[in-house]
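> This one is coords-v6.csv, CSV, C-alpha atoms and all ligand atoms.
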```csv
chain,number,residue,atom,x,y,z
A,1,MET,CA,0.0,0.0,0.0
A,2,ALA,CA,2.7,2.4,1.0
A,3,GLU,CA,4.6,1.7,-2.2
A,4,TYR,CA,1.5,2.5,-4.3
A,5,THR,CA,1.1,5.9,-2.6
A,6,TYR,CA,4.8,6.6,-3.3
A,7,GLY,CA,4.4,5.7,-7.0
A,8,MET,CA,1.8,8.4,-7.4
A,9,ASN,CA,3.8,11.2,-5.8
A,10,THR,CA,7.1,12.3,-7.2
A,11,HIS,CA,8.0,14.4,-4.1
A,12,LEU,CA,8.1,13.5,-0.4
A,13,TYR,CA,5.6,16.2,0.4
A,14,GLU,CA,3.8,16.7,-3.0
A,15,ASN,CA,1.3,19.4,-1.8
A,16,ILE,CA,4.0,21.4,-0.1
A,17,PHE,CA,6.2,21.1,-3.2
A,18,LYS,CA,3.3,22.7,-5.1
A,19,ILE,CA,2.9,25.5,-2.7
A,20,ALA,CA,6.6,26.4,-2.8
A,21,ASN,CA,6.7,26.2,-6.6
A,22,LYS,CA,3.7,28.4,-7.1
A,23,LEU,CA,5.3,31.0,-4.9
A,24,LEU,CA,8.5,30.9,-6.9
A,25,LYS,CA,6.5,31.4,-10.1
A,26,ASP,CA,4.1,34.0,-8.7
A,27,TYR,CA,6.9,36.2,-7.4
A,28,ASP,CA,9.1,35.5,-10.5
A,29,ILE,CA,12.0,34.3,-8.3
A,30,THR,CA,14.9,33.3,-10.5
A,31,SER,CA,18.0,34.4,-8.7
A,32,PHE,CA,19.5,32.9,-5.6
A,33,PRO,CA,19.9,33.2,-2.7
A,34,ILE,CA,16.3,34.5,-2.4
A,35,GLY,CA,16.5,38.1,-1.0
A,36,ILE,CA,15.2,38.7,2.5
A,37,ASN,CA,13.2,41.6,1.1
A,38,ILE,CA,11.3,39.2,-1.2
A,39,ILE,CA,10.4,36.9,1.6
A,40,GLU,CA,9.3,39.9,3.7
A,41,GLU,CA,7.2,41.1,0.8
A,42,ILE,CA,5.4,37.7,0.6
A,43,ILE,CA,4.7,37.7,4.3
A,44,TYR,CA,3.3,41.2,4.1
A,45,ASP,CA,1.2,40.2,1.1
A,46,TYR,CA,-0.4,37.5,3.2
A,47,GLY,CA,-1.5,40.1,5.7
A,48,TYR,CA,1.2,39.6,8.3
A,49,ASN,CA,3.5,42.1,10.0
A,50,ILE,CA,7.2,41.3,10.9
A,51,GLU,CA,8.7,42.4,14.2
A,52,TYR,CA,12.4,42.0,15.0
A,53,PHE,CA,13.4,41.8,18.6
A,54,ASP,CA,16.8,41.8,20.3
A,55,ASN,CA,16.0,39.1,22.8
A,56,CYS,CA,14.0,36.7,20.6
A,57,LYS,CA,15.1,33.1,21.4
A,58,ARG,CA,12.7,31.4,19.0
A,59,SER,CA,10.9,32.9,16.1
A,60,CYS,CA,7.1,32.4,15.8
A,61,VAL,CA,3.8,33.6,14.4
A,62,LEU,CA,1.6,35.3,16.9
A,63,GLY,CA,-1.8,36.5,15.7
A,64,ASN,CA,-1.0,38.4,12.5
A,65,CYS,CA,2.6,39.0,13.4
A,66,VAL,CA,5.9,37.2,12.6
A,67,ILE,CA,8.4,37.6,15.4
A,68,CYS,CA,12.1,37.1,14.7
A,69,GLY,CA,15.5,37.8,16.3
A,70,LYS,CA,17.3,41.0,15.3
A,71,LYS,CA,20.7,39.4,15.7
A,72,ASP,CA,20.4,36.7,13.1
A,73,ASN,CA,22.8,36.9,10.3
A,74,GLU,CA,21.4,37.1,6.7
A,75,ASP,CA,21.3,33.3,6.1
A,76,GLU,CA,19.7,32.7,9.5
A,77,ARG,CA,17.1,35.4,8.8
A,78,ARG,CA,16.4,33.9,5.4
A,79,ILE,CA,15.7,30.5,7.0
A,80,THR,CA,13.8,31.9,9.9
A,81,LEU,CA,11.5,34.0,7.7
A,82,SER,CA,10.9,31.1,5.3
A,83,HIS,CA,10.1,28.9,8.3
A,84,GLU,CA,7.4,31.2,9.6
A,85,LEU,CA,6.1,31.9,6.0
A,86,GLY,CA,5.7,28.1,5.8
A,87,HIS,CA,3.6,28.1,8.9
A,88,ILE,CA,1.5,30.9,7.4
A,89,LEU,CA,1.0,29.1,4.1
A,90,ILE,CA,0.4,25.6,5.4
A,91,HIS,CA,-1.2,25.9,8.8
A,92,CYS,CA,-2.8,29.3,9.3
A,93,THR,CA,-3.1,28.6,13.0
A,94,ASN,CA,-1.8,29.9,16.2
A,95,GLN,CA,1.1,27.6,17.1
A,96,LEU,CA,0.8,28.0,20.8
A,97,GLU,CA,-2.7,26.4,20.7
A,98,ASN,CA,-1.7,23.1,19.2
A,99,GLU,CA,-0.9,19.7,20.8
A,100,LYS,CA,2.7,18.4,20.8
A,101,LEU,CA,2.2,15.7,18.2
A,102,GLN,CA,0.5,18.1,15.9
A,103,LEU,CA,3.4,20.5,16.3
A,104,ASP,CA,6.0,17.8,15.3
A,105,LYS,CA,4.0,17.1,12.1
A,106,GLN,CA,3.8,20.9,11.4
A,107,GLU,CA,7.5,21.3,11.9
A,108,SER,CA,8.3,18.5,9.4
A,109,GLN,CA,6.0,20.1,6.8
A,110,VAL,CA,7.5,23.5,7.4
A,111,GLU,CA,11.0,22.1,6.9
A,112,ALA,CA,9.9,20.5,3.6
A,113,PHE,CA,8.6,23.9,2.6
A,114,ILE,CA,11.9,25.6,3.3
A,115,LEU,CA,13.8,23.0,1.3
A,116,TYR,CA,11.5,23.3,-1.8
A,117,PHE,CA,11.3,27.1,-1.6
A,118,LEU,CA,14.9,28.1,-0.9
A,119,ILE,CA,16.5,25.3,-3.0
A,120,PRO,CA,14.2,24.5,-5.9
A,121,ASP,CA,14.5,21.4,-8.1
A,122,PHE,CA,15.5,23.2,-11.3
A,123,GLU,CA,18.3,25.1,-9.5
A,124,ILE,CA,19.7,21.8,-8.1
A,125,GLU,CA,19.6,20.3,-11.6
A,126,ASN,CA,21.5,23.3,-13.0
A,127,ASN,CA,24.1,23.2,-10.3
A,128,LEU,CA,24.8,19.6,-9.5
A,129,ASN,CA,28.5,19.9,-10.1
A,130,MET,CA,28.9,22.5,-7.3
A,131,SER,CA,30.8,21.6,-4.2
A,132,MET,CA,29.0,21.6,-0.8
A,133,TYR,CA,30.6,24.9,0.0
A,134,GLU,CA,29.6,26.5,-3.3
A,135,MET,CA,26.0,25.3,-2.8
A,136,THR,CA,25.7,26.8,0.7
A,137,SER,CA,26.8,30.2,-0.6
A,138,TYR,CA,24.7,29.9,-3.8
A,139,PHE,CA,21.5,29.2,-1.9
A,140,GLY,CA,22.3,31.1,1.3
A,141,VAL,CA,21.6,28.2,3.6
A,142,ASP,CA,23.7,25.9,5.8
A,143,GLU,CA,25.2,22.6,5.0
A,144,LYS,CA,22.6,20.7,7.0
A,145,LEU,CA,19.8,22.0,4.7
A,146,ILE,CA,21.7,21.3,1.5
A,147,LYS,CA,22.3,17.7,2.6
A,148,LYS,CA,18.7,17.1,3.5
A,149,ARG,CA,17.6,18.7,0.2
A,150,LEU,CA,19.8,16.6,-1.9
A,151,LYS,CA,18.3,13.5,-0.2
A,152,TYR,CA,14.8,14.7,-1.1
A,153,TYR,CA,16.0,15.4,-4.6
A,154,LYS,CA,17.5,12.0,-5.2
A,155,LYS,CA,14.4,10.3,-3.8
A,156,SER,CA,12.1,12.4,-6.1
A,157,ILE,CA,14.3,11.5,-9.1
A,158,ARG,CA,14.1,7.9,-8.3
A,159,HIS,CA,10.3,8.0,-7.9
A,160,LYS,CA,10.0,9.7,-11.3
A,161,TYR,CA,11.3,6.6,-13.0
A,162,GLU,CA,9.7,4.0,-10.8
A,201,ZN,ZN,8.0,26.2,13.4
```
Let me see whether you can do it: turn the structure in this file into structure tokens.

Amino acid sequence: MAEYTYGMNTHLYENIFKIANKLLKDYDITSFPIGINIIEEIIYDYGYNIEYFDNCKRSCVLGNCVICGKKDNEDERRITLSHELGHILIHCTNQLENEKLQLDKQESQVEAFILYFLIPDFEIENNLNMSMYEMTSYFGVDEKLIKKRLKYYKKSIRHKYE
């Protein structure tokens, strides 16, 4: 049964892949790393404000506001904002009101969103010959994310031809 479901979907999180790809298309995003200003613009377009605080230990969405740390470097901020954007697009709920199990599931979905959005399939295809270091600077993310994304990518390629 599980194999049958896999055969139908090319991507690990097919619906989230579609959400990320639509965003890339709608905002005509073709250069990488994706600019912080573009991610901010998308968040504003969805009706949310962004507040940066000095002593923010953990970013979150509260009401219609995205709360982030001020001290993050650019790559951290790119990932943090994309993370919260993922919550906005996929969940539309107040995180603090959810049960623990539900939260774990949401976090995995959001991680999938970040990977598909910040490191799209077509960009991986065009840059497969890059070293790990080149990839981290090209996409503006850390090595952990690149490794995870390449795993997703290889699985999706395999499913395509199954
Ligand atoms: Zn989260």
> Which residues sit within 9 Å of ligand ZN 201 (chain A), counting all atoms listed in the file, listed as a list in words?
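For ligand ZN 201 (chain A), the residues inside 9 Å are Arg58, Ser59, Cys60, Val61, Thr80, His83, Glu84, Gly86, His87, Gln95, Leu103, Asp104, Gln106, Glu107, Ser108, Val110 and Glu111 of chain A.
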> Hey, which of A:Gln102, A:Asp26, A:Phe117, A:Asp75 ends up closest to Thr136 in chain A? Count all atoms listed in the file.
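Ranked by minimum distance to Thr136 in chain A, first place goes to A:Asp75.
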> What is the distance between CA of Lys144 in chain A and CA of His159 in chain A, in Å to one decimal?
23.1 Å
> Under the rule that all atoms listed in the file are counted, which of A:Leu81, A:Lys25, A:Pro33, A:Gly47 is the nearest residue to Glu134 in chain A?
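Of A:Leu81, A:Lys25, A:Pro33, A:Gly47, the one nearest Glu134 in chain A is A:Pro33, counting all atoms listed in the file.
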> Take the point (20.3, 37.4, 11.0) in the file's coordinates, draw a sphere of radius 12 Å around it, and report as a PyMOL selection string every protein, DNA or RNA residue with an atom inside or on it, counting all atoms listed in the file.
chain A and resi 36+52-54+56+59+68-81+140-141
> Now that the selection is made, can you save its residues with C-alpha atoms as a compact mmCIF listing (two decimals), keeping the file's coordinate frame?

```txt
# COMPACT_ATOMS: atom_id res chain seq x y z
CA ILE A 36 15.20 38.70 2.50
CA TYR A 52 12.40 42.00 15.00
CA PHE A 53 13.40 41.80 18.60
CA ASP A 54 16.80 41.80 20.30
CA CYS A 56 14.00 36.70 20.60
CA SER A 59 10.90 32.90 16.10
CA CYS A 68 12.10 37.10 14.70
CA GLY A 69 15.50 37.80 16.30
CA LYS A 70 17.30 41.00 15.30
CA LYS A 71 20.70 39.40 15.70
CA ASP A 72 20.40 36.70 13.10
CA ASN A 73 22.80 36.90 10.30
CA GLU A 74 21.40 37.10 6.70
CA ASP A 75 21.30 33.30 6.10
CA GLU A 76 19.70 32.70 9.50
CA ARG A 77 17.10 35.40 8.80
CA ARG A 78 16.40 33.90 5.40
CA ILE A 79 15.70 30.50 7.00
CA THR A 80 13.80 31.90 9.90
CA LEU A 81 11.50 34.00 7.70
CA GLY A 140 22.30 31.10 1.30
CA VAL A 141 21.60 28.20 3.60
```
> Generate N, CA and C atoms for range 20-37 of chain A and emit them as a short mmCIF file (atom, residue, chain, number, x, y, z; two decimals), keeping the file's coordinate frame.

```cif
data_model
loop_
_atom_site.label_atom_id
_atom_site.label_comp_id
_atom_site.auth_asym_id
_atom_site.auth_seq_id
_atom_site.Cartn_x
_atom_site.Cartn_y
_atom_site.Cartn_z
N ALA A 20 5.30 25.68 -2.67
CA ALA A 20 6.60 26.40 -2.80
C ALA A 20 6.81 26.79 -4.27
N ASN A 21 6.49 25.88 -5.19
CA ASN A 21 6.70 26.20 -6.60
C ASN A 21 5.83 27.28 -7.14
N LYS A 22 4.59 27.33 -6.64
CA LYS A 22 3.70 28.40 -7.10
C LYS A 22 4.19 29.73 -6.62
N LEU A 23 4.73 29.77 -5.42
CA LEU A 23 5.30 31.00 -4.90
C LEU A 23 6.47 31.48 -5.73
N LEU A 24 7.34 30.55 -6.08
CA LEU A 24 8.50 30.90 -6.90
C LEU A 24 8.06 31.47 -8.24
N LYS A 25 6.99 30.90 -8.78
CA LYS A 25 6.50 31.40 -10.10
C LYS A 25 5.77 32.72 -9.90
N ASP A 26 4.86 32.80 -8.92
CA ASP A 26 4.10 34.00 -8.70
C ASP A 26 4.98 35.24 -8.47
N TYR A 27 6.07 35.04 -7.74
CA TYR A 27 6.90 36.20 -7.40
C TYR A 27 8.14 36.23 -8.38
N ASP A 28 8.08 35.42 -9.40
CA ASP A 28 9.10 35.50 -10.50
C ASP A 28 10.52 35.37 -9.89
N ILE A 29 10.69 34.42 -8.98
CA ILE A 29 12.00 34.30 -8.30
C ILE A 29 12.91 33.41 -9.14
N THR A 30 13.97 34.04 -9.67
CA THR A 30 14.90 33.30 -10.50
C THR A 30 16.34 33.44 -10.09
N SER A 31 16.60 34.33 -9.10
CA SER A 31 18.00 34.40 -8.70
C SER A 31 18.11 34.07 -7.19
N PHE A 32 19.26 33.50 -6.87
CA PHE A 32 19.50 32.90 -5.60
C PHE A 32 20.79 33.44 -4.96
N PRO A 33 20.90 33.48 -3.63
CA PRO A 33 19.90 33.20 -2.70
C PRO A 33 18.66 34.12 -2.76
N ILE A 34 17.49 33.63 -2.36
CA ILE A 34 16.30 34.50 -2.40
C ILE A 34 16.49 35.63 -1.40
N GLY A 35 16.24 36.86 -1.86
CA GLY A 35 16.50 38.10 -1.00
C GLY A 35 15.52 38.10 0.16
N ILE A 36 16.05 38.58 1.28
CA ILE A 36 15.20 38.70 2.50
C ILE A 36 14.03 39.61 2.19
N ASN A 37 14.27 40.68 1.38
CA ASN A 37 13.20 41.60 1.10
C ASN A 37 12.03 40.94 0.33
#
```
